[in-house]
Amino acid sequence: MSAFRVDRVLLAEPRGFCAGVEMAIKALAWMVRTFPGSVYCYHEIVHNQLVVDRFKAQGVVFVDTIEEVPAGSPIMLSAHGSPPEVLEAARERGSYVVDSVCPLVTKVHHEVKVRAGKGYRIVYVGHQGHEEAVGTMAVAPDSINRVESVAEVEALDHIDQPVALLAQTTLSHRDWEGVAVAVKKRFPDVWTPGRSDLCFATTNRQAALMQLAHKCDAIVVIGSANSSNTRALEQLAREEGCARVYRINSVTELPDDLSGIVGVTAGASAPEELVEEVIDFLNPLNGVELVNVTDEDEYFPPPRNIRDLQASIEMASTVMLGGTLLDRPSMDDRSLAASDVLASLLE
């Protein structure tokens, strides 16, 4: 508990797990509890250290190449999206393969494939080396240029083909907007999707932060350093002029001299339990005020392989217990929160 005097906490809403992260965590937990021995995951399932460590403790092995996976092992591919050749290699090597890619990333992959097939040159706004950007560019590597600054747009070679503009889903609006304007200036006839590639969850969390940024003496952003949307929240708070901004993985990283009004938010891959620990530590004299900009009720069902697995387990359990298949109870994944699943891994 904090020994200093925080007057009040302004808590951003929405914050924390997005629909894609919810889906991926629940899917990996299903695999852990279904398959004996180790489950292998290509890259971190989501970019959060607590989540990764919790699954490691359950025997999940995170790898950077499919070649590291022993033949015949169950494999999960991360929520950020994987190159097509990685998916193919996993299917050839794994006994059971689940692709937990976020549907919003799948949408961008589809746009890349379609535009490249129609002869477009794709200008893709994304961060160098980020798993999502790497996976997206691999869909049509000969038809795509990655940029992340106005200078990089201006440095592009002359393009005779029609141009399409696509983006990494977790960019901040500010990162995207200036670059997008520069692309449209260079290529006035550029094609853009009817619906923005930017993730609704990323946008909502940034909007909530904007509502509290000018009301706080300090802002705490909870999430890991390799989380693009978390770093975007941190950058946004600084750009809005907040004097003290702290991005933390855990409550132990908080400074010991916070006071006044403190804003708290969390990136889309940060568990709510970390938020609760931070609030308990700050122990505000006048409580917590929720700053809500929208209600987020988006739901992504489990990957197809997991749904098939769930149905098979339900059927087998019903038969073994002497029930009938017509009236067997079904799994309601929507009502199961990933935060509860994550907590259950400690049991």
# chains A, B, ... in the order shown; residues from 1 in each chain; ligands from 1
$ residues_around --residues "A:Ile25" --least-positions-apart "6" --cutoff "9 Å" --atoms "only C-alpha atoms" --output "CSV table (one decimal) with C-alpha atoms, in the first residue's frame"
chain,number,residue,atom,x,y,z
A,45,ILE,CA,0.6,-15.3,-27.5
A,46,VAL,CA,0.0,-11.6,-26.7
A,51,VAL,CA,0.4,-13.5,-19.4
A,100,SER,CA,-5.3,-17.5,-32.9
A,338,ALA,CA,-10.1,-14.4,-20.1
A,339,SER,CA,-9.1,-12.7,-16.8
A,341,VAL,CA,-9.2,-18.1,-17.2
A,342,LEU,CA,-5.8,-16.5,-16.5
$ residues_around --residues "A:Tyr42" --least-positions-apart "4" --cutoff "7 Å" --atoms "only C-alpha atoms" --output "PyMOL selection string"
chain A and resi 62-66+76-78
$ select_by_dssp --residues "stretch 32-131 of chain A" --states "strand (DSSP E)" --output "PyMOL selection string"
chain A and resi 40-42+61-63+74-77+96-99+121-125
$ closest_atom_pairs --of "stretch 117-154 of chain A" --to "stretch 80-87 of chain A" --cutoff "8 Å" --atoms "only C-alpha atoms" --output "Markdown table"
| residue | atom | partner | partner_atom | distance |
| --- | --- | --- | --- | --- |
| A:Glu131 | CA | A:His80 | CA | 6.1 |
| A:Glu132 | CA | A:His80 | CA | 4.8 |
| A:Val134 | CA | A:Pro83 | CA | 7.2 |
| A:Gly135 | CA | A:Pro83 | CA | 4.3 |
| A:Thr136 | CA | A:Pro83 | CA | 6.8 |
| A:Met137 | CA | A:Pro83 | CA | 7.9 |
| A:Ala138 | CA | A:Pro83 | CA | 5.2 |
| A:Val139 | CA | A:Pro83 | CA | 6.3 |
$ closest_atom_pairs --of "stretch 236-312 of chain A" --to "stretch 203-227 of chain A" --cutoff "9 Å" --atoms "only C-alpha atoms" --output "CSV"
residue,atom,partner,partner_atom,distance
A:Leu236,CA,A:Gln206,CA,7.6
A:Ala237,CA,A:Ala213,CA,6.2
A:Arg238,CA,A:Ala213,CA,8.9
A:Glu240,CA,A:Ala213,CA,6.7
A:Gly241,CA,A:His214,CA,7.7
A:Cys242,CA,A:Ala213,CA,6.4
A:Ala243,CA,A:Ala218,CA,6.6
A:Arg244,CA,A:Ala218,CA,4.6
A:Val245,CA,A:Ile219,CA,4.9
A:Tyr246,CA,A:Val220,CA,4.9
A:Arg247,CA,A:Val221,CA,4.6
A:Ile248,CA,A:Ile222,CA,5.1
A:Asn249,CA,A:Gly223,CA,5.3
A:Ser250,CA,A:Ile222,CA,7.4
A:Val251,CA,A:Ile222,CA,8.9
A:Leu254,CA,A:Val220,CA,8.4
A:Leu258,CA,A:Ala218,CA,7.4
A:Ser259,CA,A:Asp217,CA,7.4
A:Gly260,CA,A:Asp217,CA,6.1
A:Ile261,CA,A:Cys216,CA,5.0
A:Val262,CA,A:Ala218,CA,4.9
A:Gly263,CA,A:Ile219,CA,4.5
A:Val264,CA,A:Val220,CA,4.8
A:Thr265,CA,A:Val221,CA,5.1
A:Ala266,CA,A:Ile222,CA,4.4
A:Gly267,CA,A:Gly223,CA,5.4
A:Ala268,CA,A:Arg205,CA,8.0
A:Ser269,CA,A:Gly223,CA,7.0
A:Ala270,CA,A:Gly223,CA,5.3
A:Pro271,CA,A:Gly223,CA,8.6
A:Leu274,CA,A:Ile222,CA,7.4
A:Val275,CA,A:Ile222,CA,7.2
A:Val278,CA,A:Val220,CA,8.7
A:Val291,CA,A:Ala208,CA,6.8
A:Asn292,CA,A:Ala208,CA,6.5
A:Val293,CA,A:Ala208,CA,5.6
A:Thr294,CA,A:Asn204,CA,7.3
A:Glu296,CA,A:Asn204,CA,8.3
$ atom_distance --atom1 "atom CA of A:Ala337" --atom2 "atom CA of A:Pro303"
16.1 Å
$ select_by_dssp --residues "stretch 110-324 of chain A" --states "alpha helix (DSSP H)" --output "MDAnalysis selection string"
chainID A and resid 110:117 131:137 150:154 173:186 200:213 228:239 272:282 304:320
$ closest_atom_pairs --of "stretch 110-149 of chain A" --to "stretch 168-186 of chain A" --cutoff "12 Å" --atoms "only C-alpha atoms" --output "Markdown table"
| residue | atom | partner | partner_atom | distance |
| --- | --- | --- | --- | --- |
| A:Val112 | CA | A:Gln168 | CA | 11.6 |
| A:Ile122 | CA | A:Val183 | CA | 10.8 |
| A:Val123 | CA | A:Val183 | CA | 8.0 |
| A:Tyr124 | CA | A:Gln168 | CA | 7.5 |
| A:Val125 | CA | A:Gln168 | CA | 6.1 |
| A:Gly126 | CA | A:Gln168 | CA | 5.0 |
| A:His127 | CA | A:Gln168 | CA | 7.7 |
| A:Gln128 | CA | A:Gln168 | CA | 10.6 |
| A:Gly129 | CA | A:Gln168 | CA | 11.7 |
| A:His130 | CA | A:Gln168 | CA | 9.2 |
| A:Glu131 | CA | A:Gln168 | CA | 10.0 |
| A:Glu132 | CA | A:Gln168 | CA | 6.8 |
| A:Ala133 | CA | A:Gln168 | CA | 6.2 |
| A:Val134 | CA | A:Gln168 | CA | 10.0 |
| A:Gly135 | CA | A:Gln168 | CA | 10.3 |
| A:Thr136 | CA | A:Gln168 | CA | 8.3 |
| A:Met137 | CA | A:Gln168 | CA | 10.2 |
| A:Asn145 | CA | A:Val183 | CA | 11.7 |
| A:Arg146 | CA | A:Gln168 | CA | 9.9 |
| A:Val147 | CA | A:Val179 | CA | 8.1 |
| A:Glu148 | CA | A:Val179 | CA | 6.8 |
| A:Ser149 | CA | A:Val179 | CA | 5.7 |
$ residues_around --residues "A:Ala29" --least-positions-apart "2" --cutoff "10 Å" --atoms "only C-alpha atoms" --output "list in words"
Ala24, Ile25, Lys26, Ala27, Met31, Val32, Arg33, Thr34, Val39, Phe55, Gln58, Val60, Ala338, Val341, Leu342, Ser344 and Leu345 of chain A
$ atom_distance --atom1 "atom CA of A:Val108" --atom2 "atom CA of A:Pro193"
9.3 Å
$ closest_residue --among "A:Ile306, A:Pro301, A:Val101, A:Asn229" --to "A:Leu336" --atoms "only C-alpha atoms"
A:Pro301
$ closest_residue --among "A:Ala71, A:Val52, A:Leu104, A:Val97" --to "A:Asn305" --atoms "only C-alpha atoms"
A:Val97
$ residues_around --residues "A:Asp157" --least-positions-apart "2" --cutoff "12 Å" --atoms "only C-alpha atoms" --output "ChimeraX atom specification"
/A:121,123,145,152-155,159-161,186-187
$ write_last_selection --atoms "all heavy atoms" --output "mmCIF file, in the first residue's frame"
data_model
loop_
_atom_site.group_PDB
_atom_site.id
_atom_site.type_symbol
_atom_site.label_atom_id
_atom_site.label_comp_id
_atom_site.auth_asym_id
_atom_site.auth_seq_id
_atom_site.Cartn_x
_atom_site.Cartn_y
_atom_site.Cartn_z
ATOM 1 N N ARG A 121 0.339 -1.622 -55.817
ATOM 2 C CA ARG A 121 1.493 -1.509 -54.935
ATOM 3 C C ARG A 121 0.964 -1.060 -53.591
ATOM 4 O O ARG A 121 0.255 -0.046 -53.498
ATOM 5 C CB ARG A 121 2.502 -0.487 -55.473
ATOM 6 C CG ARG A 121 3.833 -0.475 -54.705
ATOM 7 C CD ARG A 121 4.627 -1.696 -55.033
ATOM 8 N NE ARG A 121 5.731 -1.911 -54.106
ATOM 9 C CZ ARG A 121 6.527 -2.973 -54.146
ATOM 10 N NH1 ARG A 121 6.334 -3.903 -55.074
ATOM 11 N NH2 ARG A 121 7.505 -3.116 -53.282
ATOM 12 N N VAL A 123 1.263 0.405 -49.873
ATOM 13 C CA VAL A 123 2.038 1.160 -48.893
ATOM 14 C C VAL A 123 1.444 0.822 -47.526
ATOM 15 O O VAL A 123 0.284 1.136 -47.251
ATOM 16 C CB VAL A 123 1.986 2.674 -49.158
ATOM 17 C CG1 VAL A 123 2.747 3.421 -48.074
ATOM 18 C CG2 VAL A 123 2.565 2.983 -50.536
ATOM 19 N N ASN A 145 5.437 -2.025 -49.571
ATOM 20 C CA ASN A 145 6.463 -1.191 -48.946
ATOM 21 C C ASN A 145 5.985 -0.798 -47.564
ATOM 22 O O ASN A 145 4.860 -0.304 -47.416
ATOM 23 C CB ASN A 145 6.723 0.076 -49.756
ATOM 24 C CG ASN A 145 7.382 -0.193 -51.090
ATOM 25 O OD1 ASN A 145 6.691 -0.340 -52.100
ATOM 26 N ND2 ASN A 145 8.705 -0.264 -51.106
ATOM 27 N N GLU A 152 9.820 8.614 -44.704
ATOM 28 C CA GLU A 152 9.886 7.347 -45.442
ATOM 29 C C GLU A 152 8.902 7.328 -46.607
ATOM 30 O O GLU A 152 9.169 6.720 -47.642
ATOM 31 C CB GLU A 152 9.631 6.174 -44.494
ATOM 32 C CG GLU A 152 10.775 5.930 -43.529
ATOM 33 C CD GLU A 152 10.532 4.772 -42.581
ATOM 34 O OE1 GLU A 152 9.376 4.318 -42.460
ATOM 35 O OE2 GLU A 152 11.506 4.317 -41.963
ATOM 36 N N VAL A 153 7.773 7.996 -46.441
ATOM 37 C CA VAL A 153 6.823 8.121 -47.560
ATOM 38 C C VAL A 153 7.455 8.939 -48.677
ATOM 39 O O VAL A 153 7.395 8.573 -49.861
ATOM 40 C CB VAL A 153 5.507 8.779 -47.097
ATOM 41 C CG1 VAL A 153 4.594 9.042 -48.295
ATOM 42 C CG2 VAL A 153 4.801 7.904 -46.077
ATOM 43 N N GLU A 154 8.079 10.041 -48.326
ATOM 44 C CA GLU A 154 8.699 10.911 -49.328
ATOM 45 C C GLU A 154 9.867 10.233 -50.030
ATOM 46 O O GLU A 154 10.199 10.571 -51.167
ATOM 47 C CB GLU A 154 9.156 12.210 -48.653
ATOM 48 C CG GLU A 154 7.988 13.063 -48.140
ATOM 49 C CD GLU A 154 8.437 14.258 -47.326
ATOM 50 O OE1 GLU A 154 9.632 14.286 -46.927
ATOM 51 O OE2 GLU A 154 7.599 15.141 -47.056
ATOM 52 N N ALA A 155 10.495 9.256 -49.345
ATOM 53 C CA ALA A 155 11.654 8.568 -49.922
ATOM 54 C C ALA A 155 11.262 7.397 -50.823
ATOM 55 O O ALA A 155 12.140 6.786 -51.449
ATOM 56 C CB ALA A 155 12.561 8.068 -48.803
ATOM 57 N N ILE A 159 6.117 5.120 -58.269
ATOM 58 C CA ILE A 159 5.297 3.922 -58.440
ATOM 59 C C ILE A 159 4.352 4.128 -59.616
ATOM 60 O O ILE A 159 3.546 5.069 -59.625
ATOM 61 C CB ILE A 159 4.488 3.614 -57.149
ATOM 62 C CG1 ILE A 159 5.448 3.363 -55.974
ATOM 63 C CG2 ILE A 159 3.576 2.408 -57.359
ATOM 64 C CD1 ILE A 159 4.758 3.171 -54.638
ATOM 65 N N ASP A 160 4.465 3.265 -60.619
ATOM 66 C CA ASP A 160 3.599 3.347 -61.799
ATOM 67 C C ASP A 160 2.267 2.627 -61.593
ATOM 68 O O ASP A 160 1.291 2.920 -62.271
ATOM 69 C CB ASP A 160 4.306 2.744 -63.021
ATOM 70 C CG ASP A 160 5.482 3.600 -63.475
ATOM 71 O OD1 ASP A 160 5.373 4.839 -63.389
ATOM 72 O OD2 ASP A 160 6.506 3.020 -63.889
ATOM 73 N N GLN A 161 2.238 1.662 -60.665
ATOM 74 C CA GLN A 161 1.029 0.884 -60.414
ATOM 75 C C GLN A 161 0.011 1.704 -59.611
ATOM 76 O O GLN A 161 0.360 2.719 -59.001
ATOM 77 C CB GLN A 161 1.376 -0.374 -59.596
ATOM 78 C CG GLN A 161 2.470 -1.237 -60.161
ATOM 79 C CD GLN A 161 3.048 -2.150 -59.094
ATOM 80 O OE1 GLN A 161 4.184 -1.989 -58.690
ATOM 81 N NE2 GLN A 161 2.251 -3.113 -58.631
ATOM 82 N N ARG A 186 1.166 12.182 -51.976
ATOM 83 C CA ARG A 186 2.044 11.663 -53.035
ATOM 84 C C ARG A 186 1.271 10.871 -54.082
ATOM 85 O O ARG A 186 1.612 10.864 -55.255
ATOM 86 C CB ARG A 186 3.117 10.748 -52.419
ATOM 87 C CG ARG A 186 4.373 11.469 -52.004
ATOM 88 C CD ARG A 186 5.594 10.562 -52.116
ATOM 89 N NE ARG A 186 5.901 10.160 -53.496
ATOM 90 C CZ ARG A 186 6.912 9.375 -53.841
ATOM 91 N NH1 ARG A 186 7.733 8.902 -52.906
ATOM 92 N NH2 ARG A 186 7.134 9.058 -55.100
ATOM 93 N N PHE A 187 0.222 10.181 -53.626
ATOM 94 C CA PHE A 187 -0.545 9.312 -54.523
ATOM 95 C C PHE A 187 -2.034 9.663 -54.390
ATOM 96 O O PHE A 187 -2.772 8.997 -53.661
ATOM 97 C CB PHE A 187 -0.303 7.846 -54.185
ATOM 98 C CG PHE A 187 1.158 7.472 -54.076
ATOM 99 C CD1 PHE A 187 1.756 7.308 -52.832
ATOM 100 C CD2 PHE A 187 1.930 7.303 -55.212
ATOM 101 C CE1 PHE A 187 3.097 6.960 -52.719
ATOM 102 C CE2 PHE A 187 3.277 6.963 -55.117
ATOM 103 C CZ PHE A 187 3.858 6.801 -53.871
#
$ atom_distance --atom1 "atom CA of A:Glu111" --atom2 "atom CA of A:Pro141"
13.6 Å
$ closest_residue --among "A:Asp257, A:Glu234, A:Glu22, A:Asp7" --to "A:Ser335" --atoms "only C-alpha atoms"
A:Glu22
